[in-house]
Amino acid sequence: MIKLKKIKKQFQKNLVLNGIDLDVEKGDVLVIVGPSGSGKTTLLRCINYLERPDEGSITIDGFTVQGKHASKRDVLALRRKTAMVFQHYNLFKNKTVVENVMEGLIVAKKIPKKEAKEISASLLEKVGLAEKMDEYPSQLSGGQQQRVGIARALALNPSVILFDEPTSALDPEMVGEVLSIIKQIAKEGITMVVVTHEIDFAREVANRVVFMDGGSIIEQGSPEEVLIHPQHERTKRFLKRLVKEPDYAI
Amino acid sequence: MIKLKKIKKQFQKNLVLNGIDLDVEKGDVLVIVGPSGSGKTTLLRCINYLERPDEGSITIDGFTVQGKHASKRDVLALRRKTAMVFQHYNLFKNKTVVENVMEGLIVAKKIPKKEAKEISASLLEKVGLAEKMDEYPSQLSGGQQQRVGIARALALNPSVILFDEPTSALDPEMVGEVLSIIKQIAKEGITMVVVTHEIDFAREVANRVVFMDGGSIIEQGSPEEVLIHPQHERTKRFLKRLVKEPDYAI
Amino acid sequence: MTSGLAGWIDLFIKVLEKLPLTLLMLGLSLFFSIILGVAVAVIRIQKQPVLYQLATFYLSFTRCTPLLVQLFLVYFGLPQLLLAFNIDINGWDRLVFLIIAFSFHTAAYLSEVFRSAYLAVGQDQLEAAYSVGMSYPQALFRIILPQAFVISLPNLGNNIIELLKDTSLAFTIGIIDIMGQVRIILGNNHGMGMFQIYVVISLVYWGTCILIESVIGYLEKVFKKGRVSLSRQ
Amino acid sequence: KESDDGKKVVKIAISDEVNPPFLYADENNEPIGYDIDYLKEVEKKLPDYKFEYIWGEEESNLVGVDTGKYDFAINWFFKNPERQEKFLYPEHEFGYSLTSLVTKKDRDDIKTLDDMVGKKFPPVSPSGGLRAILNSYNDQHPDDPLTLESMDSPSNAENLKMVDKGKADAMFINVTTFNEIQKELNLNLKVAGIISKEPIFTVYSKENAELAKEIDQATVELTEDGTLSKLAEKWFGVDFFQDLEYINEEGFNFEK
Amino acid sequence: MLFSIINLEFALEQFPEVLKGVPATLAIAVVAMIFGLVFGLLIALCRIYQVPVLNRFFIVYISFIRGTPLLVQLYVFFYGVPVLLEFLNEQTGTSFDASEISPLIYAFIAFTLNTSAYQAEIFRSSINAVSAGQMEAAQSVGMTTAQGLWRIILPQAFVVALPNLGNTFIGLIKATSLAFAVKVVEILAIARIIANDGYRFLEMYLVASLIYWVISWVFEVLFAVAEKKMRRYEDRAAGEAA
Ligand SMILES: Nc1ncnc2c1ncn2[C@@H]1O[C@H](COP(=O)(O)OP(=O)(O)OP(=O)(O)O)[C@@H](O)[C@H]1O
Ligand SMILES: Nc1ncnc2c1ncn2[C@@H]1O[C@H](COP(=O)(O)OP(=O)(O)OP(=O)(O)O)[C@@H](O)[C@H]1O
Ligand SMILES: [Mg+2]
Ligand SMILES: [Mg+2]
């Protein structure tokens, strides 16, 4: 479904992606973990070409875009196959919550306004924002904004959804909610790439895990393999910190 | 150290804080948990008067400010006793990383520039940003920005530090780092209020926990009491989601 | 009127001789109007009770009436008014009156430029400044204004160039600036050679304008650091 | 109004919309011309005063006199009752403006303003004495007014070219100005008729009666002793204090 | 003192006469503003996206238009077009008559070209004040750049631009008096013509100023209301927190 070949990206002197190769199958939920600054966000942004890779190629759904030189039309086609949940949410400031979700439906998918509104409303209800539909993003709490971002991406119903730390501002309850939504849409065959720091969440949601560090993929495999029995020294060190037997229970 | 009395805050028709009373002792690390939208951020913002409470009073370090009507001087005095790590980081966009940290030292604490730079550099090193000192916030990854925010607050060395989800964008490694920093400065007698969604982190860092919902404090006590053996139904439900025996180990 | 190359050069020199005076008027007026403009913008944003109403009235009056009338008010009216209080300022240089009038006029326009730029900076920056213990003025000068300044630069450019051309009104009260020089030459010739003269004056203004534009462009580059905008590509 | 070397300073507003040879600027932008020579003669006669000249646009100068910023203004100020209501005019003129209609050489149908009813003038300045004469004509002939088109600072040279090209029928212009321009352009034009010999004055604010009187007195003396006639010869080549007939014969060579 | 000089009765009498200049003033200002908005926006976009040839061209255009006096630009059309037409007539045997072109047309053209250069700079700065993340979000939901601009960026940029557009429009209203140089008789021109007969400049300037003020004030209010409406989404009006 997604095929990245030798993606390289450099900011000034800083080599952020060092030739990433990646394959994701249809319906996969691929989780990317890794230390802060390792290039996870940059990789995600390269997939829908918000960041122009210096080298390499991107294939989604059989449609290939060459890294450095892509025509506007190709880029647009690529983006129409994907949706993204941003690390900083990036909600449309001048649109209300429900308009934020509807916008892509109306403009890119040409769905009639009324229908778009219905779809949006039902999604917003799912993420617990039914009451906030007509407010502006500036009036929302952090977690509420994040949920609007999630709803906005889900509404598009694309082939691929890219999540950049979609639960960072969510409470455990909400995390569970999002978890079950993701699992459900995975069943419908939508491919997902999820960047996250929450290892528990990663284990629950992923069917494949990639561990990145310093712009390279260090290790990949099933959640079992990478998160529970990592092979690589760096991965072990990364995961060690929080490993303590939890002693709470209800 | 901090004493909140009957803090109320309303946005239009939305009652966000419904008469909060809170006492925090010197050197305490108070953790606030609660569902998204329950008013945690708003409460934190009321403490340093970024949000003007509709009612109630705030006392920090023996210095009291009446909610609705506070003079500019009082507010400034209050703010000079506190520092804050924002949920959305709020870094100074026109300043480099190191300048972001130095700013408060030079302006509010009147520390000579050279010394301020040394303090800042050593703090940035602690949070792993020694290399990024001269970059602008727009060139940083999410987690890097969050760490600058933390360093900026720590540098001020105030009586009270307010953390709004300080680890939301951090990887487990970095979370451990921040955890140990917080523990260390708590020993130096600095009082901290931490809003977080990460229950593990909360358990590690807190010596008192408050559970909020719908603008009220539902339950408070030691981490044990609130997070492991909660009394209240709502708290139980909130914590239930992620409760699963972790089956990974290294 | 001599035409030919010598005529052109002669004309140029005559006009250029007055350029320093024009630049002096421009520089001083600009300096004062920036200060006043920032003050008015902040007052209007902060909605300080009495000051707000005053500032809004000032803004309305100064923006909405002709500059010429304001120049007359300051040059002819102000001395009369002060004379009633036994203060005689009739002896002041005309340049002083002119700069007062122009500063007040331009400041009104600049205050709107700064207001919109200030509001575009975003509340989060102010809050961050507060959180590290800055007072409002400190936050204003260290955090908000530097960022607002970048945003306002192109508009600032617009207004500086407008001011440059407004200085030609100096002629009305007999200060012979570049435009005044041109009109005297034109008058001495009974309006003959208009084409040549207007070419010269346009070139001199344009040259000055290019100078202003390059300073603004340079500042935009320098201060853009750290800001991400659509035109970063 | 302070003293400098014991003399009273008199502030005189002079028009920087210059108008040679009455008043214009030399190389250093110092004022010269008939007006200035006249004022210098006056100054000699009034030992208590020291004259100071201040450039300014005519409208602005009048506002300045009005508000007391200047003691008086000099330019081609024509007298009319409306203006006398507002400002103080001295009794005696210090010179004349000869106004004329200029047409193409081969036209004979235009001699007076009456002939211009229904015909076309080039655009006329909104202010100044010429405009005032045309306006007062229209006030006196409300049924057959002249058609006037106004324009800010029209160029005399451009306007004459319009007449030359037949885009306007005649231009109402000062004879001296026409002659100066004609020297340069040599258009196919002539003075078709002198319309008036318009006395010109200095203008004072009503509060300045005393000064006005003293200067008026000096003006009378200068006229009587022939000083002003000599000045006129110097600047215009003709003594316009003589009557029109004499001027027509001896003075400007209209058919040149 | 000033008021003893001013003959209020006279001023009042002349008011209706001067009001006759209002249509010309408004016509020029509104026409120039509307076309200026469109051109200005297009120019700004060419500059922001650095459209190859156009970007260079418009840099020079903006510089030239801003750098030369509006009066000169008016003259260029006023004196230039007839010469051009004459030349055309000679060359091609046509018979255009320049004198039939209303001076208002020259004013429309010159003022529109002039103001569009200024408005281009206004839009450029306001579009750049919108954070780039907004465009990324638009693109992430499948919008083209044009759609993102139109639906997301421009509405936000317009809010930033409004106070500056207000400046420009009010400036424009007053600048229309320059059109008198090409025979368009508007408010100030009428006032000056009347003033000349009795040298009552103070009175007539007062009348003209009042009329300008009232007209501009109406637009000032309209702009303020529009800004308030459009800022709705910002919620926390900056400066509210003490
Ligand atoms: N626009 C930019 N200009 C310069 N450097 C950049 C830019 N964006 C990112 N970087 C650098 O690239 C590196 C990778 O950034 P990226 O945002 O991909 O990290 P990340 O893995 O998402 O980290 P986090 O978990 O903290 O969000 C960082 O070191 C960052 O400083
Ligand atoms: N400026 C505002 N205007 C209107 N409503 C607001 C504003 N700020 C916050 N709210 C509302 O107040 C409630 C509490 O917000 P707050 O940010 O305090 O929540 P929170 O507990 O921090 O949530 P999260 O965990 O998602 O950050 C939310 O319902 C939010 O919609
Ligand atoms: Mg990231
Ligand atoms: Mg919050």
# chains A, B, ... in the order shown; residues from 1 in each chain; ligands from 1
>>> interface_residues(of="chain A", to="chain B", cutoff="6 Å", atoms="only C-alpha atoms", output="JSON, numbers by chain")
{"A": [35, 36, 37, 141, 143, 168, 171, 173, 197, 228, 238, 241, 248]}
>>> interface_residues(of="chain E", to="chain C", cutoff="8 Å", atoms="only C-alpha atoms", output="VMD selection string")
chain E and resid 1 to 2 48 to 49 63 to 64 66 to 69 72 118 121 to 122 124 to 132 135 160 to 164 167 170 to 171 174 205 209 to 210 212 to 214 216 to 217 220 236 to 240
>>> interface_residues(of="chain D", to="chain C", cutoff="6 Å", atoms="only C-alpha atoms", output="ChimeraX atom specification")
/D:18,55-57,155-157
>>> write_last_selection(atoms="C-alpha atoms", output="JSON list (two decimals), in the first residue's frame")
[["chain", "number", "residue", "atom", "x", "y", "z"],
["D", 18, "VAL", "CA", 6.13, 82.17, -9.13],
["D", 55, "TRP", "CA", 7.72, 81.91, 0.57],
["D", 56, "GLY", "CA", 4.40, 80.09, 0.59],
["D", 57, "GLU", "CA", 1.58, 78.97, -1.64],
["D", 155, "SER", "CA", 0.18, 74.80, -17.49],
["D", 156, "ASN", "CA", 0.01, 78.08, -19.39],
["D", 157, "ALA", "CA", 2.23, 76.69, -22.09]]
>>> residues_around(residues="Ile111 of chain A", least_positions_apart="5", cutoff="12 Å", atoms="only C-alpha atoms", output="MDAnalysis selection string")
chainID A and resid 102:106 116:120 155:156
>>> write_last_selection(atoms="N, CA and C atoms", output="PDB file, in the first residue's frame")
ATOM      1  N   MET A 102     -15.791  19.141   8.109  1.00  0.00           N
ATOM      2  CA  MET A 102     -16.506  19.111   6.833  1.00  0.00           C
ATOM      3  C   MET A 102     -15.649  19.560   5.655  1.00  0.00           C
ATOM      4  N   GLU A 103     -14.754  20.462   5.936  1.00  0.00           N
ATOM      5  CA  GLU A 103     -14.005  21.157   4.889  1.00  0.00           C
ATOM      6  C   GLU A 103     -13.451  20.207   3.803  1.00  0.00           C
ATOM      7  N   GLY A 104     -12.739  19.199   4.246  1.00  0.00           N
ATOM      8  CA  GLY A 104     -12.145  18.272   3.277  1.00  0.00           C
ATOM      9  C   GLY A 104     -13.209  17.506   2.499  1.00  0.00           C
ATOM     10  N   LEU A 105     -14.288  17.176   3.162  1.00  0.00           N
ATOM     11  CA  LEU A 105     -15.362  16.438   2.501  1.00  0.00           C
ATOM     12  C   LEU A 105     -15.964  17.253   1.370  1.00  0.00           C
ATOM     13  N   ILE A 106     -16.209  18.520   1.673  1.00  0.00           N
ATOM     14  CA  ILE A 106     -16.862  19.363   0.683  1.00  0.00           C
ATOM     15  C   ILE A 106     -15.923  19.678  -0.465  1.00  0.00           C
ATOM     16  N   ALA A 116     -22.162  16.034   4.270  1.00  0.00           N
ATOM     17  CA  ALA A 116     -20.878  16.234   4.936  1.00  0.00           C
ATOM     18  C   ALA A 116     -21.090  16.560   6.403  1.00  0.00           C
ATOM     19  N   LYS A 117     -22.096  17.360   6.640  1.00  0.00           N
ATOM     20  CA  LYS A 117     -22.364  17.753   8.019  1.00  0.00           C
ATOM     21  C   LYS A 117     -22.772  16.555   8.864  1.00  0.00           C
ATOM     22  N   GLU A 118     -23.571  15.703   8.263  1.00  0.00           N
ATOM     23  CA  GLU A 118     -24.009  14.514   9.008  1.00  0.00           C
ATOM     24  C   GLU A 118     -22.822  13.612   9.357  1.00  0.00           C
ATOM     25  N   ILE A 119     -22.000  13.353   8.347  1.00  0.00           N
ATOM     26  CA  ILE A 119     -20.818  12.525   8.591  1.00  0.00           C
ATOM     27  C   ILE A 119     -19.979  13.125   9.715  1.00  0.00           C
ATOM     28  N   SER A 120     -19.748  14.455   9.607  1.00  0.00           N
ATOM     29  CA  SER A 120     -18.901  15.121  10.583  1.00  0.00           C
ATOM     30  C   SER A 120     -19.494  15.030  11.977  1.00  0.00           C
ATOM     31  N   ALA A 155     -12.771  11.517   8.824  1.00  0.00           N
ATOM     32  CA  ALA A 155     -13.916  11.836   7.979  1.00  0.00           C
ATOM     33  C   ALA A 155     -13.604  11.610   6.500  1.00  0.00           C
ATOM     34  N   LEU A 156     -12.359  11.851   6.126  1.00  0.00           N
ATOM     35  CA  LEU A 156     -12.001  11.776   4.718  1.00  0.00           C
ATOM     36  C   LEU A 156     -12.064  10.356   4.186  1.00  0.00           C
TER      37      LEU A 156
END
>>> select_by_dssp(residues="segment 40-233 of chain B", states="helix (DSSP H, G or I)", output="MDAnalysis selection string")
chainID B and resid 40:47 72:80 97:107 113:126 130:132 137:139 142:156 172:187 199:205 223:228 233
>>> closest_atom_pairs(of="chain E", to="chain A", cutoff="6 Å", atoms="only C-alpha atoms", output="CSV")
residue,atom,partner,partner_atom,distance
E:Gly133,CA,A:Asn90,CA,5.8
E:Ala137,CA,A:Asn90,CA,5.9
E:Ser140,CA,A:Ala83,CA,5.6
E:Val141,CA,A:Gly104,CA,4.9
E:Gly142,CA,A:Arg80,CA,4.7
E:Met143,CA,A:Ala108,CA,5.7
E:Tyr233,CA,A:Asn94,CA,5.6
>>> closest_residue(among="C:Ile178, C:Leu145, C:Ile9, C:Ile197", to="chain B", atoms="only C-alpha atoms")
C:Leu145
>>> residues_around(residues="Glu100 of chain E", least_positions_apart="5", cutoff="12 Å", atoms="only C-alpha atoms", output="list in words")
Lys167 of chain D; Val81, Pro82, Leu85, Ser95, Ile105 and Tyr106 of chain E
>>> closest_residue(among="A:Ile182, A:Val148, A:Val98, A:Ile7", to="Lys113 of chain A", atoms="only C-alpha atoms")
A:Val98
>>> atom_distance(atom1="atom CA of Phe32 of chain C", atom2="atom CA of Ala101 of chain C")
10.7 Å
>>> atom_distance(atom1="atom CA of Lys86 of chain D", atom2="atom CA of Val185 of chain E")
25.6 Å
>>> closest_atom_pairs(of="chain C", to="chain B", cutoff="6 Å", atoms="only C-alpha atoms", output="Markdown table")
| residue | atom | partner | partner_atom | distance |
| --- | --- | --- | --- | --- |
| C:Asp124 | CA | B:Asn90 | CA | 5.7 |
| C:Ala128 | CA | B:Asn90 | CA | 5.8 |
| C:Ser131 | CA | B:Ala83 | CA | 5.5 |
| C:Val132 | CA | B:Gly104 | CA | 4.9 |
| C:Gly133 | CA | B:Arg80 | CA | 4.6 |
| C:Met134 | CA | B:Ala108 | CA | 5.7 |
| C:Gly226 | CA | B:Tyr136 | CA | 5.0 |
>>> residues_around(residues="segment 176-182 of chain E", least_positions_apart="3", cutoff="6 Å", atoms="only C-alpha atoms", output="PyMOL selection string")
(chain D and resi 151-152) or (chain E and resi 25+173+185+188)
>>> interface_residues(of="chain E", to="chain D", cutoff="8 Å", atoms="only C-alpha atoms", output="VMD selection string")
chain E and resid 2 5 180 to 185 189 192 to 193 196 to 202
>>> atom_distance(atom1="atom CA of Leu129 of chain A", atom2="atom CA of Val194 of chain A")
22.3 Å
